[in-house]
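In what follows, a single structure is set out as structure tokens and then discussed.
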Amino acid sequence: MLSKSFELKNTSEQLEQHDTKLFSDINEKDILHSHLRPYIINFLKVLTQNISEEDLYNFLQNMKTLKTNFKNFTIYNMLSHRSVHGFYSYEDNTISLSKRNYHLTIYHELFHMASTVIEKDASTLYTGFLQIQDNDEKIGNGLNEGYTQYLTERYFSDKPILKCYSYETRIASIIEQIIGSSKMQSFYFHGNLSGVVDSLKNYSSKDEIDKFITTLDDISNYISCGLLKAKSKDAILKNSFIDINNFLIQTSLKQKILESNEHRIIIEHLIHKIDPVLCLLPQAVVYKYKEYKAYDTDLLEKNLSIVLKDYRLEHDKVLIK
Ligand SMILES: [Zn+2]
């Protein structure tokens, strides 16, 4: 769990310094002449076609000095009980890939590069939705890995890609549904976790949002990074999956109520409005052959009554204005 001392910060990135020369300064000799050339060129092409120039600021900055290499992760994976195939080092703007399957992992790692704000002498590093402080305190890793993979699958689904972080990916896609895809993408490419938090504050409290982000970090550490050593692992996981779903149901219900133009909504219609979220919500999560139930209709009813507590009800309707 995250210590209370972690304060979300905003990057001091200056957009007015935007480099309009785009690709002219790219480290062509080292990058584009390498064996990864076709992948990097394809990434450039897809991003420039789909993402606004303003949101590509960090990507184009980092492309100028990006380095790549091949690395053997066998010993690292053996010692850490993980299965890492690629890695992006924020400190030296370097992508390391396993020679065996680099074509499956390169796009995910390129997204990490494209969303990293390299600020000299800053005490906090911003990369996508992850913030890392000097003392190695981190926040947002689960949401960051999930959204990185979500974008990889969105833009490179025609290519063979390694499926990873499937739980986090699903949760990140729900958050995108709640705050909107263009906002969410823009926050990601500017290393702006605070933007996500501020958007969610329209529908939830700061404490609830912090709890959601740190619980997702904990789950990600446990299930994707194999870091769970606690004896109470079962109880932690069981509660965490449900806590995450509670947050997502309550937040999306609140969003639909606040964005409605009607004075009253039939409660059943309100529930239908969050169908897209309910469809994505993990019903159960299997981890190490054990199934953790995360959703049932009781959970929906419980969260509905929590949200509706703040409103006046009239028969089968909730009064909004
Ligand atoms: Zn990653």
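Scheme for the structure tokens: letters A, B, ... for chains in order shown; per-chain residue numbers from 1; ligand numbers from 1 in order shown.
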DSSP on the backbone, helix (DSSP H, G or I) only: what residues of region 66-233 of chain A does that give? Format it as a short mmCIF file (atom, residue, chain, number, x, y, z; two decimals) with N, CA and C atoms, in the first residue's frame.
```
data_model
loop_
_atom_site.label_atom_id
_atom_site.label_comp_id
_atom_site.auth_asym_id
_atom_site.auth_seq_id
_atom_site.Cartn_x
_atom_site.Cartn_y
_atom_site.Cartn_z
N THR A 74 16.68 -14.46 -19.16
CA THR A 74 16.49 -15.78 -18.54
C THR A 74 16.85 -15.79 -17.05
N ILE A 75 18.03 -15.27 -16.74
CA ILE A 75 18.46 -15.33 -15.33
C ILE A 75 17.61 -14.39 -14.47
N TYR A 76 17.33 -13.21 -14.99
CA TYR A 76 16.48 -12.26 -14.27
C TYR A 76 15.13 -12.91 -13.96
N ASN A 77 14.54 -13.54 -14.96
CA ASN A 77 13.23 -14.17 -14.78
C ASN A 77 13.28 -15.33 -13.80
N MET A 78 14.38 -16.09 -13.86
CA MET A 78 14.52 -17.21 -12.92
C MET A 78 14.57 -16.71 -11.49
N LEU A 79 15.37 -15.67 -11.28
CA LEU A 79 15.56 -15.15 -9.92
C LEU A 79 14.33 -14.43 -9.40
N SER A 80 13.61 -13.77 -10.30
CA SER A 80 12.47 -12.95 -9.84
C SER A 80 11.13 -13.67 -10.01
N TYR A 102 11.19 -10.29 -29.74
CA TYR A 102 11.11 -8.82 -29.71
C TYR A 102 9.95 -8.28 -30.55
N HIS A 103 9.58 -9.00 -31.62
CA HIS A 103 8.51 -8.50 -32.49
C HIS A 103 7.15 -8.52 -31.76
N LEU A 104 7.05 -9.27 -30.65
CA LEU A 104 5.79 -9.35 -29.90
C LEU A 104 5.69 -8.27 -28.82
N THR A 105 6.85 -7.74 -28.41
CA THR A 105 6.87 -6.85 -27.23
C THR A 105 7.24 -5.41 -27.57
N ILE A 106 7.77 -5.20 -28.76
CA ILE A 106 8.36 -3.87 -29.04
C ILE A 106 7.33 -2.73 -28.97
N TYR A 107 6.10 -2.96 -29.42
CA TYR A 107 5.14 -1.85 -29.45
C TYR A 107 4.74 -1.42 -28.03
N HIS A 108 4.58 -2.39 -27.13
CA HIS A 108 4.28 -2.06 -25.72
C HIS A 108 5.41 -1.19 -25.15
N GLU A 109 6.63 -1.58 -25.39
CA GLU A 109 7.76 -0.82 -24.84
C GLU A 109 7.87 0.56 -25.50
N LEU A 110 7.55 0.64 -26.79
CA LEU A 110 7.59 1.94 -27.46
C LEU A 110 6.54 2.89 -26.87
N PHE A 111 5.39 2.35 -26.45
CA PHE A 111 4.40 3.21 -25.79
C PHE A 111 4.94 3.76 -24.47
N HIS A 112 5.69 2.92 -23.73
CA HIS A 112 6.31 3.45 -22.49
C HIS A 112 7.23 4.62 -22.81
N MET A 113 8.01 4.45 -23.87
CA MET A 113 8.93 5.52 -24.27
C MET A 113 8.14 6.77 -24.67
N ALA A 114 7.07 6.56 -25.45
CA ALA A 114 6.31 7.68 -26.00
C ALA A 114 5.56 8.47 -24.93
N ASN A 141 1.34 2.27 -11.20
CA ASN A 141 1.94 1.26 -12.08
C ASN A 141 0.89 0.34 -12.72
N GLY A 142 -0.12 -0.07 -11.94
CA GLY A 142 -1.14 -0.98 -12.47
C GLY A 142 -1.92 -0.34 -13.61
N LEU A 143 -2.38 0.91 -13.37
CA LEU A 143 -3.15 1.62 -14.41
C LEU A 143 -2.26 1.87 -15.63
N ASN A 144 -0.99 2.19 -15.38
CA ASN A 144 -0.07 2.48 -16.48
C ASN A 144 0.17 1.26 -17.35
N GLU A 145 0.46 0.12 -16.73
CA GLU A 145 0.70 -1.09 -17.52
C GLU A 145 -0.57 -1.49 -18.28
N GLY A 146 -1.72 -1.37 -17.60
CA GLY A 146 -2.98 -1.73 -18.24
C GLY A 146 -3.26 -0.86 -19.46
N TYR A 147 -3.07 0.45 -19.30
CA TYR A 147 -3.40 1.34 -20.42
C TYR A 147 -2.37 1.23 -21.54
N THR A 148 -1.10 1.00 -21.16
CA THR A 148 -0.05 0.79 -22.17
C THR A 148 -0.42 -0.41 -23.04
N GLN A 149 -0.84 -1.49 -22.40
CA GLN A 149 -1.21 -2.68 -23.15
C GLN A 149 -2.51 -2.45 -23.94
N TYR A 150 -3.42 -1.69 -23.35
CA TYR A 150 -4.69 -1.40 -24.04
C TYR A 150 -4.43 -0.63 -25.35
N LEU A 151 -3.54 0.36 -25.29
CA LEU A 151 -3.22 1.12 -26.51
C LEU A 151 -2.48 0.23 -27.51
N THR A 152 -1.61 -0.64 -26.99
CA THR A 152 -0.88 -1.56 -27.89
C THR A 152 -1.88 -2.42 -28.65
N GLU A 153 -2.88 -2.94 -27.93
CA GLU A 153 -3.88 -3.80 -28.58
C GLU A 153 -4.80 -2.99 -29.49
N ARG A 154 -5.08 -1.74 -29.11
CA ARG A 154 -5.96 -0.91 -29.95
C ARG A 154 -5.29 -0.59 -31.29
N TYR A 155 -4.02 -0.18 -31.26
CA TYR A 155 -3.39 0.32 -32.48
C TYR A 155 -2.59 -0.74 -33.25
N SER A 166 -3.54 -8.69 -18.56
CA SER A 166 -4.92 -8.72 -19.06
C SER A 166 -5.91 -8.13 -18.05
N TYR A 167 -5.71 -8.37 -16.76
CA TYR A 167 -6.61 -7.78 -15.76
C TYR A 167 -6.50 -6.25 -15.77
N GLU A 168 -5.26 -5.76 -15.70
CA GLU A 168 -5.04 -4.31 -15.66
C GLU A 168 -5.57 -3.64 -16.94
N THR A 169 -5.44 -4.34 -18.07
CA THR A 169 -5.89 -3.80 -19.36
C THR A 169 -7.40 -3.56 -19.34
N ARG A 170 -8.10 -4.53 -18.80
CA ARG A 170 -9.56 -4.42 -18.72
C ARG A 170 -9.98 -3.26 -17.81
N ILE A 171 -9.30 -3.15 -16.68
CA ILE A 171 -9.65 -2.06 -15.74
C ILE A 171 -9.35 -0.70 -16.38
N ALA A 172 -8.21 -0.60 -17.06
CA ALA A 172 -7.84 0.68 -17.70
C ALA A 172 -8.87 1.03 -18.78
N SER A 173 -9.38 0.02 -19.48
CA SER A 173 -10.36 0.30 -20.54
C SER A 173 -11.66 0.83 -19.94
N ILE A 174 -12.00 0.39 -18.73
CA ILE A 174 -13.21 0.90 -18.07
C ILE A 174 -13.01 2.36 -17.64
N ILE A 175 -11.83 2.65 -17.11
CA ILE A 175 -11.54 4.05 -16.73
C ILE A 175 -11.63 4.95 -17.96
N GLU A 176 -11.16 4.44 -19.10
CA GLU A 176 -11.25 5.22 -20.33
C GLU A 176 -12.71 5.47 -20.72
N GLN A 177 -13.55 4.47 -20.53
CA GLN A 177 -14.99 4.63 -20.80
C GLN A 177 -15.57 5.75 -19.95
N ILE A 178 -15.13 5.82 -18.69
CA ILE A 178 -15.70 6.79 -17.76
C ILE A 178 -15.24 8.21 -18.09
N ILE A 179 -13.94 8.38 -18.38
CA ILE A 179 -13.49 9.77 -18.58
C ILE A 179 -13.36 10.17 -20.05
N SER A 181 -12.06 8.70 -24.22
CA SER A 181 -10.79 8.21 -24.77
C SER A 181 -9.82 9.32 -25.16
N SER A 182 -10.32 10.44 -25.70
CA SER A 182 -9.33 11.44 -26.14
C SER A 182 -8.66 12.09 -24.93
N LYS A 183 -9.45 12.31 -23.85
CA LYS A 183 -8.86 12.87 -22.63
C LYS A 183 -7.85 11.89 -22.02
N MET A 184 -8.27 10.64 -21.95
CA MET A 184 -7.42 9.62 -21.30
C MET A 184 -6.10 9.47 -22.07
N GLN A 185 -6.18 9.42 -23.40
CA GLN A 185 -4.96 9.27 -24.21
C GLN A 185 -4.05 10.48 -24.02
N SER A 186 -4.66 11.65 -24.01
CA SER A 186 -3.85 12.86 -23.85
C SER A 186 -3.15 12.87 -22.49
N PHE A 187 -3.88 12.51 -21.43
CA PHE A 187 -3.25 12.43 -20.10
C PHE A 187 -2.09 11.44 -20.12
N TYR A 188 -2.28 10.32 -20.78
CA TYR A 188 -1.26 9.27 -20.83
C TYR A 188 0.02 9.79 -21.49
N PHE A 189 -0.13 10.39 -22.66
CA PHE A 189 1.06 10.82 -23.41
C PHE A 189 1.75 12.01 -22.76
N LEU A 193 -1.02 11.65 -14.54
CA LEU A 193 -1.93 10.88 -13.70
C LEU A 193 -2.89 11.81 -12.96
N SER A 194 -2.39 13.01 -12.61
CA SER A 194 -3.26 13.97 -11.91
C SER A 194 -4.49 14.31 -12.74
N GLY A 195 -4.33 14.34 -14.07
CA GLY A 195 -5.46 14.62 -14.95
C GLY A 195 -6.54 13.56 -14.82
N VAL A 196 -6.11 12.30 -14.73
CA VAL A 196 -7.08 11.20 -14.55
C VAL A 196 -7.79 11.36 -13.21
N VAL A 197 -6.99 11.64 -12.17
CA VAL A 197 -7.56 11.78 -10.82
C VAL A 197 -8.57 12.93 -10.80
N ASP A 198 -8.20 14.06 -11.40
CA ASP A 198 -9.10 15.23 -11.41
C ASP A 198 -10.39 14.92 -12.16
N SER A 199 -10.29 14.18 -13.28
CA SER A 199 -11.50 13.83 -14.03
C SER A 199 -12.40 12.92 -13.20
N LEU A 200 -11.78 11.96 -12.51
CA LEU A 200 -12.58 11.03 -11.69
C LEU A 200 -13.20 11.72 -10.49
N LYS A 206 -11.53 12.02 -3.49
CA LYS A 206 -10.08 11.86 -3.64
C LYS A 206 -9.60 10.58 -2.94
N ASP A 207 -10.14 10.32 -1.75
CA ASP A 207 -9.73 9.12 -1.00
C ASP A 207 -10.09 7.85 -1.73
N GLU A 208 -11.29 7.81 -2.28
CA GLU A 208 -11.73 6.62 -3.02
C GLU A 208 -10.87 6.40 -4.27
N ILE A 209 -10.53 7.50 -4.92
CA ILE A 209 -9.70 7.38 -6.14
C ILE A 209 -8.30 6.89 -5.78
N ASP A 210 -7.72 7.48 -4.73
CA ASP A 210 -6.39 7.04 -4.28
C ASP A 210 -6.40 5.56 -3.93
N LYS A 211 -7.49 5.15 -3.24
CA LYS A 211 -7.59 3.75 -2.84
C LYS A 211 -7.67 2.86 -4.08
N PHE A 212 -8.44 3.29 -5.08
CA PHE A 212 -8.57 2.51 -6.31
C PHE A 212 -7.20 2.36 -6.99
N ILE A 213 -6.48 3.48 -7.13
CA ILE A 213 -5.19 3.43 -7.85
C ILE A 213 -4.18 2.54 -7.10
N THR A 214 -4.14 2.68 -5.78
CA THR A 214 -3.14 1.90 -5.03
C THR A 214 -3.55 0.43 -4.92
N THR A 215 -4.86 0.16 -4.89
CA THR A 215 -5.29 -1.24 -4.86
C THR A 215 -4.95 -1.91 -6.19
N LEU A 216 -5.14 -1.18 -7.28
CA LEU A 216 -4.77 -1.74 -8.59
C LEU A 216 -3.25 -1.96 -8.66
N ASP A 217 -2.49 -1.06 -8.06
CA ASP A 217 -1.03 -1.26 -7.99
C ASP A 217 -0.70 -2.54 -7.23
N ASP A 218 -1.38 -2.72 -6.09
CA ASP A 218 -1.13 -3.92 -5.28
C ASP A 218 -1.45 -5.18 -6.07
N ILE A 219 -2.62 -5.20 -6.71
CA ILE A 219 -3.02 -6.38 -7.48
C ILE A 219 -1.99 -6.65 -8.58
N SER A 220 -1.58 -5.59 -9.26
CA SER A 220 -0.63 -5.75 -10.36
C SER A 220 0.69 -6.31 -9.82
N ASN A 221 1.13 -5.81 -8.68
CA ASN A 221 2.35 -6.35 -8.07
C ASN A 221 2.20 -7.83 -7.77
N TYR A 222 1.00 -8.20 -7.29
CA TYR A 222 0.78 -9.60 -6.91
C TYR A 222 0.70 -10.50 -8.13
N ILE A 223 -0.23 -10.14 -9.05
CA ILE A 223 -0.52 -11.12 -10.10
C ILE A 223 0.40 -11.00 -11.32
N LYS A 233 -2.58 -13.83 1.43
CA LYS A 233 -2.73 -13.55 0.00
C LYS A 233 -4.18 -13.71 -0.51
#
```
Give the strand (DSSP E or B) residues of region 206-307 of chain A, as assigned by DSSP on the backbone, as a PyMOL selection string.
chain A and resi 264-266+284-287+290-293
Grab the residues selected above and save them as a short mmCIF file (atom, residue, chain, number, x, y, z; two decimals), in the first residue's frame with N, CA and C atoms.
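Final output, saved to out.cif:
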```cif
data_model
loop_
_atom_site.label_atom_id
_atom_site.label_comp_id
_atom_site.auth_asym_id
_atom_site.auth_seq_id
_atom_site.Cartn_x
_atom_site.Cartn_y
_atom_site.Cartn_z
N ARG A 264 -35.43 13.26 -13.83
CA ARG A 264 -35.55 11.99 -13.10
C ARG A 264 -35.25 10.85 -14.06
N ILE A 265 -34.63 9.82 -13.52
CA ILE A 265 -34.32 8.66 -14.37
C ILE A 265 -34.95 7.42 -13.73
N ILE A 266 -35.56 6.60 -14.56
CA ILE A 266 -36.04 5.30 -14.07
C ILE A 266 -34.80 4.48 -13.69
N ALA A 284 -14.88 -12.69 -12.56
CA ALA A 284 -14.04 -13.50 -11.67
C ALA A 284 -12.62 -13.43 -12.23
N VAL A 285 -11.65 -13.54 -11.36
CA VAL A 285 -10.26 -13.50 -11.82
C VAL A 285 -9.59 -14.80 -11.37
N VAL A 286 -8.96 -15.48 -12.32
CA VAL A 286 -8.26 -16.72 -11.97
C VAL A 286 -6.78 -16.39 -11.82
N TYR A 287 -6.25 -16.73 -10.66
CA TYR A 287 -4.83 -16.51 -10.40
C TYR A 287 -4.27 -17.76 -9.73
N LYS A 290 -6.66 -20.56 -8.87
CA LYS A 290 -7.74 -20.28 -7.93
C LYS A 290 -8.62 -19.17 -8.51
N GLU A 291 -9.93 -19.37 -8.38
CA GLU A 291 -10.83 -18.37 -8.92
C GLU A 291 -11.31 -17.41 -7.83
N TYR A 292 -11.17 -16.13 -8.11
CA TYR A 292 -11.65 -15.12 -7.17
C TYR A 292 -12.88 -14.46 -7.77
N LYS A 293 -14.02 -14.64 -7.11
CA LYS A 293 -15.26 -14.01 -7.62
C LYS A 293 -15.18 -12.51 -7.38
#
```
Distance of CA of Leu130 (chain A) from CA of Asp275 (chain A), expressed in Å to one decimal place |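 Atom-to-atom, CA of Asp275 (chain A) and CA of Leu130 (chain A) are spaced 29.0 Å apart.
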Nearest residue to ligand 1 from the set A:Met63, A:Val46, A:Cys164, A:Ala294 (distances using only C-alpha atoms and all ligand atoms)
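Going through A:Met63, A:Val46, A:Cys164, A:Ala294 one by one, the smallest distance to ligand 1 is for A:Cys164.
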* To do: Give the answer as one residue: which of A:Gln131, A:Ser157, A:Ser224, A:Gln61 has the shortest atom-to-atom distance to ligand 1, using only C-alpha atoms and all ligand atoms?
  =>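 So, comparing all the options, the nearest one is A:Ser224.
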Counting only C-alpha atoms, what is within 8 Å of Lys99 (chain A), bar same-chain residues fewer than 4 positions away, as a VMD selection string? chain A and resid 70 to 72
Please produce a file of those selected residues containing N, CA and C atoms, as a short mmCIF file (atom, residue, chain, number, x, y, z; two decimals), in the first residue's frame.
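Contents of the output file selection-v1.cif:
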```cif
data_model
loop_
_atom_site.label_atom_id
_atom_site.label_comp_id
_atom_site.auth_asym_id
_atom_site.auth_seq_id
_atom_site.Cartn_x
_atom_site.Cartn_y
_atom_site.Cartn_z
N PHE A 70 19.43 -5.75 -27.34
CA PHE A 70 18.88 -7.06 -27.02
C PHE A 70 19.44 -7.51 -25.69
N LYS A 71 18.59 -8.18 -24.94
CA LYS A 71 19.01 -8.59 -23.60
C LYS A 71 18.48 -10.00 -23.35
N ASN A 72 19.23 -10.76 -22.59
CA ASN A 72 18.77 -12.09 -22.22
C ASN A 72 18.13 -12.00 -20.82
#
```
